[in-house]
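Asker: Just dropping this structure here.
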Amino acid sequence: MKQFYTTFFCFLSLFTYSEGMHISGTIKDIESKNPISNAYVLIKFYKGFEFSDITDSLGQYDITTTADVPEGYYSIEIEAKNYYKPNGFVHVKKECFFNFSLKSIAPNIIKNDTIKKVALIKPILDGYATNNLVFLIDISSSMNMPEKMPLLKESMKYLVNELRITDKVAILTFSKTVQEVLPSTLVSDKVSINKIIDELTFGSTSQGGMALDIGYKTASKNFIKKGNNRIVLASDGVFTSGEKDYQKMEQTIKSGLEKSISLSIFCFGKNTDYVNSKLKKLSTSGNGNFATITTIEEGKLYMLEEAKAVKN
């Protein structure tokens, strides 16, 4: 009998005293930034082990496993009433913290067709090809306006937060010169990528042609077979290189398309019909999208469409 109790208490102690893995964070509304209470958070580990929690009034959840599990990527599910259900993976280690922003299914106000489209988009990329995205960011002095660079940064950060850990992102900036501020990187450390976006600063004049040459080389170097290999050029459209450079850019774009690399162009801020028509022509040559973006709703919509350009 003594041996039985000794064995029993030893077995019990494995579950009572094991430190396990500690996962915590907050769940908020993506638009209002308000906390979401009573959201159900579930993490699925190997061999059928599952641990969950429900968020409190501050939108906080706190999960501690009853035993250590191997550090690695595990699936997470979040359910909240009147919100889309995001599914994905998180890198779980001994102590980790994950914040999530959910999209409301039924927004209070729908001002126009663009906002309506954004509201109906489910922020999930299941069923779409792996992304190899190269951002070419115009940091010329003309981008230093509230409706341009700040709007671009918020749109990019939204997309980064929606991408999967298997997707890759590179960021090149161009003004008088071209600089690689982020080499092609797996989207596993979103905090660091968003920090790089926040730290984008301004230069002088725009050299779009040179930027495209380097952008296509970057996309080609990190090419994903059967993936979405795409360059996203973001600018206010004020290129200063002249007509000859536009012609050279068009040839670069057509050559890239032959290698299955597409080009989309987003113009931030209002521009002339002439400039917009020139940029639209370039994006058409690159089998990509063109949009003039003046609101954050438009920015989110078009950025997310870039990641959903190719289906599996």
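All residue names refer to the structure tokens as shown: chains lettered A, B, ... in order, residues numbered from 1 in each chain, ligands numbered from 1 in order.
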Using only C-alpha atoms, which residues sit within 8 Å of Asn131 (chain A) once same-chain residues fewer than 4 positions away are excluded, as a ChimeraX atom specification?
Answerer: /A:166-169,224,227-230,307
Asker: Env of Gly215 (chain A): 9 Å cut, atoms = only C-alpha atoms, seq-sep filter 4 positions within chain, self excluded. Answer as a PyMOL selection string.
Answerer: chain A and resi 134-136+171-172+210-211+219-220+231
Asker: Output all heavy atoms for every residue in that selection, as an mmCIF file, in the first residue's frame.
Answerer:
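Resulting contents of selection02.cif:
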```cif
data_model
loop_
_atom_site.group_PDB
_atom_site.id
_atom_site.type_symbol
_atom_site.label_atom_id
_atom_site.label_comp_id
_atom_site.auth_asym_id
_atom_site.auth_seq_id
_atom_site.Cartn_x
_atom_site.Cartn_y
_atom_site.Cartn_z
ATOM 1 N N VAL A 134 7.896 41.539 -53.072
ATOM 2 C CA VAL A 134 8.977 42.530 -53.008
ATOM 3 C C VAL A 134 8.335 43.914 -53.066
ATOM 4 O O VAL A 134 7.711 44.281 -54.065
ATOM 5 C CB VAL A 134 9.974 42.365 -54.169
ATOM 6 C CG1 VAL A 134 11.052 43.452 -54.103
ATOM 7 C CG2 VAL A 134 10.607 40.983 -54.140
ATOM 8 N N PHE A 135 8.467 44.676 -51.997
ATOM 9 C CA PHE A 135 7.911 46.024 -51.954
ATOM 10 C C PHE A 135 8.969 47.029 -52.396
ATOM 11 O O PHE A 135 10.069 47.063 -51.844
ATOM 12 C CB PHE A 135 7.433 46.369 -50.544
ATOM 13 C CG PHE A 135 6.182 45.651 -50.135
ATOM 14 C CD1 PHE A 135 6.246 44.468 -49.420
ATOM 15 C CD2 PHE A 135 4.941 46.161 -50.484
ATOM 16 C CE1 PHE A 135 5.088 43.802 -49.053
ATOM 17 C CE2 PHE A 135 3.776 45.510 -50.121
ATOM 18 C CZ PHE A 135 3.849 44.328 -49.407
ATOM 19 N N LEU A 136 8.621 47.840 -53.380
ATOM 20 C CA LEU A 136 9.473 48.952 -53.802
ATOM 21 C C LEU A 136 8.813 50.229 -53.290
ATOM 22 O O LEU A 136 7.747 50.625 -53.776
ATOM 23 C CB LEU A 136 9.583 49.000 -55.324
ATOM 24 C CG LEU A 136 10.387 47.901 -56.015
ATOM 25 C CD1 LEU A 136 10.431 48.160 -57.518
ATOM 26 C CD2 LEU A 136 11.792 47.831 -55.467
ATOM 27 N N ILE A 171 11.804 44.363 -48.693
ATOM 28 C CA ILE A 171 11.470 45.787 -48.809
ATOM 29 C C ILE A 171 12.678 46.546 -49.341
ATOM 30 O O ILE A 171 13.757 46.513 -48.745
ATOM 31 C CB ILE A 171 11.038 46.383 -47.453
ATOM 32 C CG1 ILE A 171 9.820 45.634 -46.898
ATOM 33 C CG2 ILE A 171 10.716 47.865 -47.609
ATOM 34 C CD1 ILE A 171 9.396 46.112 -45.511
ATOM 35 N N LEU A 172 12.482 47.215 -50.471
ATOM 36 C CA LEU A 172 13.493 48.086 -51.055
ATOM 37 C C LEU A 172 12.947 49.505 -51.066
ATOM 38 O O LEU A 172 11.772 49.725 -51.377
ATOM 39 C CB LEU A 172 13.827 47.669 -52.495
ATOM 40 C CG LEU A 172 14.218 46.203 -52.747
ATOM 41 C CD1 LEU A 172 14.445 45.981 -54.230
ATOM 42 C CD2 LEU A 172 15.452 45.828 -51.964
ATOM 43 N N MET A 210 15.760 52.489 -61.882
ATOM 44 C CA MET A 210 16.795 51.762 -61.151
ATOM 45 C C MET A 210 16.165 50.844 -60.103
ATOM 46 O O MET A 210 16.598 49.707 -59.910
ATOM 47 C CB MET A 210 17.749 52.755 -60.476
ATOM 48 C CG MET A 210 18.939 52.114 -59.778
ATOM 49 S SD MET A 210 19.814 53.276 -58.685
ATOM 50 C CE MET A 210 20.069 54.662 -59.800
ATOM 51 N N ALA A 211 15.129 51.329 -59.441
ATOM 52 C CA ALA A 211 14.461 50.534 -58.405
ATOM 53 C C ALA A 211 13.848 49.276 -58.990
ATOM 54 O O ALA A 211 13.938 48.191 -58.398
ATOM 55 C CB ALA A 211 13.393 51.378 -57.712
ATOM 56 N N ALA A 219 13.252 39.617 -56.652
ATOM 57 C CA ALA A 219 12.145 38.662 -56.804
ATOM 58 C C ALA A 219 12.620 37.383 -57.485
ATOM 59 O O ALA A 219 12.214 36.271 -57.106
ATOM 60 C CB ALA A 219 11.014 39.306 -57.599
ATOM 61 N N SER A 220 13.472 37.532 -58.485
ATOM 62 C CA SER A 220 13.988 36.366 -59.214
ATOM 63 C C SER A 220 14.882 35.502 -58.318
ATOM 64 O O SER A 220 14.818 34.277 -58.347
ATOM 65 C CB SER A 220 14.765 36.832 -60.442
ATOM 66 O OG SER A 220 15.283 35.736 -61.160
ATOM 67 N N ILE A 231 5.992 41.973 -57.427
ATOM 68 C CA ILE A 231 6.563 43.240 -56.986
ATOM 69 C C ILE A 231 5.418 44.221 -56.775
ATOM 70 O O ILE A 231 4.516 44.339 -57.616
ATOM 71 C CB ILE A 231 7.550 43.795 -58.020
ATOM 72 C CG1 ILE A 231 8.753 42.856 -58.164
ATOM 73 C CG2 ILE A 231 8.025 45.196 -57.627
ATOM 74 C CD1 ILE A 231 9.676 43.212 -59.300
#
```
Asker: Would you pick out the contacts of Phe97 (chain A) at 8 Å or less, using only C-alpha atoms, so that residues sharing its chain but fewer than 5 positions from it are not included, and give the list as a list in words?
Answerer: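 Near Phe97 (chain A), the qualifying residues are Ile23, Ser24 and Gly25 of chain A.
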Asker: For the residues selected in the previous step, produce a file with N, CA and C atoms as a compact mmCIF listing (two decimals), in the first residue's frame.
Answerer:
```txt
# COMPACT_ATOMS: atom_id res chain seq x y z
N ILE A 23 1.56 31.00 -22.50
CA ILE A 23 1.18 31.79 -23.66
C ILE A 23 0.11 32.79 -23.24
N SER A 24 0.33 34.07 -23.51
CA SER A 24 -0.64 35.09 -23.13
C SER A 24 -0.71 36.16 -24.22
N GLY A 25 -1.69 37.06 -24.09
CA GLY A 25 -1.83 38.13 -25.07
C GLY A 25 -3.18 38.79 -24.98
```
Asker: Any idea what's packed within 12 Å of Pro86 (chain A), counting only C-alpha atoms, ignoring anything in its chain fewer than 5 positions away? Could you give it as a PDB file with N, CA, C and O atoms, in the first residue's frame?
Answerer:
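Output contents, as saved in part_18.pdb:
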```
ATOM      1  N   ILE A  27      -6.774  40.215 -27.375  1.00  0.00           N
ATOM      2  CA  ILE A  27      -7.578  40.155 -28.587  1.00  0.00           C
ATOM      3  C   ILE A  27      -8.321  41.485 -28.694  1.00  0.00           C
ATOM      4  O   ILE A  27      -9.020  41.888 -27.762  1.00  0.00           O
ATOM      5  N   ALA A  39     -13.782  36.031 -25.918  1.00  0.00           N
ATOM      6  CA  ALA A  39     -13.252  35.363 -27.109  1.00  0.00           C
ATOM      7  C   ALA A  39     -12.589  34.053 -26.679  1.00  0.00           C
ATOM      8  O   ALA A  39     -11.858  34.007 -25.682  1.00  0.00           O
ATOM      9  N   TYR A  40     -12.835  32.998 -27.433  1.00  0.00           N
ATOM     10  CA  TYR A  40     -12.315  31.663 -27.108  1.00  0.00           C
ATOM     11  C   TYR A  40     -11.012  31.435 -27.868  1.00  0.00           C
ATOM     12  O   TYR A  40     -10.966  31.495 -29.096  1.00  0.00           O
ATOM     13  N   VAL A  41      -9.926  31.212 -27.137  1.00  0.00           N
ATOM     14  CA  VAL A  41      -8.605  31.016 -27.725  1.00  0.00           C
ATOM     15  C   VAL A  41      -8.159  29.575 -27.484  1.00  0.00           C
ATOM     16  O   VAL A  41      -8.097  29.126 -26.338  1.00  0.00           O
ATOM     17  N   LEU A  42      -7.862  28.854 -28.564  1.00  0.00           N
ATOM     18  CA  LEU A  42      -7.492  27.433 -28.465  1.00  0.00           C
ATOM     19  C   LEU A  42      -6.173  27.188 -29.184  1.00  0.00           C
ATOM     20  O   LEU A  42      -6.000  27.599 -30.334  1.00  0.00           O
ATOM     21  N   SER A  75      -0.899  25.162 -34.145  1.00  0.00           N
ATOM     22  CA  SER A  75      -2.073  25.858 -34.669  1.00  0.00           C
ATOM     23  C   SER A  75      -2.845  26.558 -33.557  1.00  0.00           C
ATOM     24  O   SER A  75      -2.919  26.067 -32.427  1.00  0.00           O
ATOM     25  N   ILE A  76      -3.432  27.704 -33.910  1.00  0.00           N
ATOM     26  CA  ILE A  76      -4.230  28.468 -32.964  1.00  0.00           C
ATOM     27  C   ILE A  76      -5.552  28.836 -33.623  1.00  0.00           C
ATOM     28  O   ILE A  76      -5.604  29.129 -34.824  1.00  0.00           O
ATOM     29  N   GLU A  77      -6.623  28.759 -32.841  1.00  0.00           N
ATOM     30  CA  GLU A  77      -7.945  29.137 -33.317  1.00  0.00           C
ATOM     31  C   GLU A  77      -8.544  30.158 -32.347  1.00  0.00           C
ATOM     32  O   GLU A  77      -8.384  30.025 -31.135  1.00  0.00           O
ATOM     33  N   ILE A  78      -9.234  31.148 -32.906  1.00  0.00           N
ATOM     34  CA  ILE A  78      -9.867  32.186 -32.083  1.00  0.00           C
ATOM     35  C   ILE A  78     -11.306  32.354 -32.548  1.00  0.00           C
ATOM     36  O   ILE A  78     -11.565  32.536 -33.742  1.00  0.00           O
ATOM     37  N   GLU A  79     -12.233  32.269 -31.603  1.00  0.00           N
ATOM     38  CA  GLU A  79     -13.646  32.448 -31.917  1.00  0.00           C
ATOM     39  C   GLU A  79     -14.219  33.566 -31.050  1.00  0.00           C
ATOM     40  O   GLU A  79     -14.039  33.567 -29.829  1.00  0.00           O
ATOM     41  N   ALA A  80     -14.885  34.525 -31.698  1.00  0.00           N
ATOM     42  CA  ALA A  80     -15.551  35.617 -30.979  1.00  0.00           C
ATOM     43  C   ALA A  80     -16.837  35.947 -31.724  1.00  0.00           C
ATOM     44  O   ALA A  80     -16.852  35.992 -32.963  1.00  0.00           O
ATOM     45  N   PHE A 100      -3.708  39.661 -31.130  1.00  0.00           N
ATOM     46  CA  PHE A 100      -4.457  39.424 -32.353  1.00  0.00           C
ATOM     47  C   PHE A 100      -5.523  40.501 -32.519  1.00  0.00           C
ATOM     48  O   PHE A 100      -6.113  40.970 -31.543  1.00  0.00           O
ATOM     49  N   SER A 101      -5.757  40.894 -33.781  1.00  0.00           N
ATOM     50  CA  SER A 101      -6.811  41.842 -34.109  1.00  0.00           C
ATOM     51  C   SER A 101      -7.824  41.156 -35.013  1.00  0.00           C
ATOM     52  O   SER A 101      -7.443  40.613 -36.058  1.00  0.00           O
ATOM     53  N   LEU A 102      -9.102  41.173 -34.627  1.00  0.00           N
ATOM     54  CA  LEU A 102     -10.144  40.490 -35.385  1.00  0.00           C
ATOM     55  C   LEU A 102     -10.971  41.480 -36.188  1.00  0.00           C
ATOM     56  O   LEU A 102     -11.172  42.619 -35.784  1.00  0.00           O
ATOM     57  N   LYS A 103     -11.449  40.997 -37.317  1.00  0.00           N
ATOM     58  CA  LYS A 103     -12.273  41.809 -38.204  1.00  0.00           C
ATOM     59  C   LYS A 103     -13.746  41.538 -37.942  1.00  0.00           C
ATOM     60  O   LYS A 103     -14.193  40.392 -37.938  1.00  0.00           O
ATOM     61  N   SER A 104     -14.509  42.609 -37.728  1.00  0.00           N
ATOM     62  CA  SER A 104     -15.933  42.477 -37.470  1.00  0.00           C
ATOM     63  C   SER A 104     -16.674  42.019 -38.724  1.00  0.00           C
ATOM     64  O   SER A 104     -16.376  42.469 -39.835  1.00  0.00           O
ATOM     65  N   ILE A 121     -14.336  40.845 -46.644  1.00  0.00           N
ATOM     66  CA  ILE A 121     -13.152  40.011 -46.858  1.00  0.00           C
ATOM     67  C   ILE A 121     -12.784  39.296 -45.570  1.00  0.00           C
ATOM     68  O   ILE A 121     -12.616  39.918 -44.530  1.00  0.00           O
ATOM     69  N   LYS A 122     -12.646  38.012 -45.645  1.00  0.00           N
ATOM     70  CA  LYS A 122     -12.215  37.241 -44.487  1.00  0.00           C
ATOM     71  C   LYS A 122     -10.695  37.228 -44.476  1.00  0.00           C
ATOM     72  O   LYS A 122     -10.065  36.753 -45.418  1.00  0.00           O
ATOM     73  N   PRO A 123     -10.064  37.773 -43.438  1.00  0.00           N
ATOM     74  CA  PRO A 123      -8.604  37.914 -43.424  1.00  0.00           C
ATOM     75  C   PRO A 123      -7.888  36.588 -43.210  1.00  0.00           C
ATOM     76  O   PRO A 123      -7.318  36.312 -42.179  1.00  0.00           O
ATOM     77  N   ILE A 124      -7.937  35.743 -44.218  1.00  0.00           N
ATOM     78  CA  ILE A 124      -7.280  34.442 -44.120  1.00  0.00           C
ATOM     79  C   ILE A 124      -6.790  34.064 -45.513  1.00  0.00           C
ATOM     80  O   ILE A 124      -7.454  34.389 -46.501  1.00  0.00           O
ATOM     81  N   LEU A 125      -5.642  33.423 -45.599  1.00  0.00           N
ATOM     82  CA  LEU A 125      -5.028  33.124 -46.889  1.00  0.00           C
ATOM     83  C   LEU A 125      -5.003  31.636 -47.208  1.00  0.00           C
ATOM     84  O   LEU A 125      -4.245  31.213 -48.081  1.00  0.00           O
ATOM     85  N   ASP A 126      -5.828  30.861 -46.518  1.00  0.00           N
ATOM     86  CA  ASP A 126      -5.913  29.436 -46.842  1.00  0.00           C
ATOM     87  C   ASP A 126      -6.385  29.273 -48.286  1.00  0.00           C
ATOM     88  O   ASP A 126      -7.339  29.919 -48.723  1.00  0.00           O
ATOM     89  N   ASN A 161       0.571  41.629 -41.062  1.00  0.00           N
ATOM     90  CA  ASN A 161      -0.118  40.927 -39.975  1.00  0.00           C
ATOM     91  C   ASN A 161      -1.040  39.833 -40.489  1.00  0.00           C
ATOM     92  O   ASN A 161      -1.370  38.898 -39.755  1.00  0.00           O
ATOM     93  N   GLU A 162      -1.455  39.921 -41.762  1.00  0.00           N
ATOM     94  CA  GLU A 162      -2.335  38.896 -42.335  1.00  0.00           C
ATOM     95  C   GLU A 162      -1.546  37.772 -43.014  1.00  0.00           C
ATOM     96  O   GLU A 162      -2.096  36.701 -43.269  1.00  0.00           O
ATOM     97  N   LEU A 163      -0.273  38.000 -43.328  1.00  0.00           N
ATOM     98  CA  LEU A 163       0.520  36.989 -44.027  1.00  0.00           C
ATOM     99  C   LEU A 163       0.841  35.810 -43.130  1.00  0.00           C
ATOM    100  O   LEU A 163       0.841  35.910 -41.907  1.00  0.00           O
ATOM    101  N   ARG A 164       1.145  34.674 -43.765  1.00  0.00           N
ATOM    102  CA  ARG A 164       1.496  33.450 -43.046  1.00  0.00           C
ATOM    103  C   ARG A 164       3.011  33.363 -42.847  1.00  0.00           C
ATOM    104  O   ARG A 164       3.769  34.058 -43.521  1.00  0.00           O
TER     105      ARG A 164
END
```
Asker: Give the answer as one residue: which of A:Ile214, A:Leu152, A:Leu182, A:Leu279 has the shortest atom-to-atom distance to Gly299 (chain A), using only C-alpha atoms?
Answerer: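 Closest residue, counting only C-alpha atoms: A:Leu152.
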Asker: Any chance you could list, as a ChimeraX atom specification, the residues in region 11-199 of chain A that come up helix (DSSP H, G or I) when DSSP is run on the backbone?
Answerer: /A:11-16,46-48,113-120,141-143,149-162,190-198
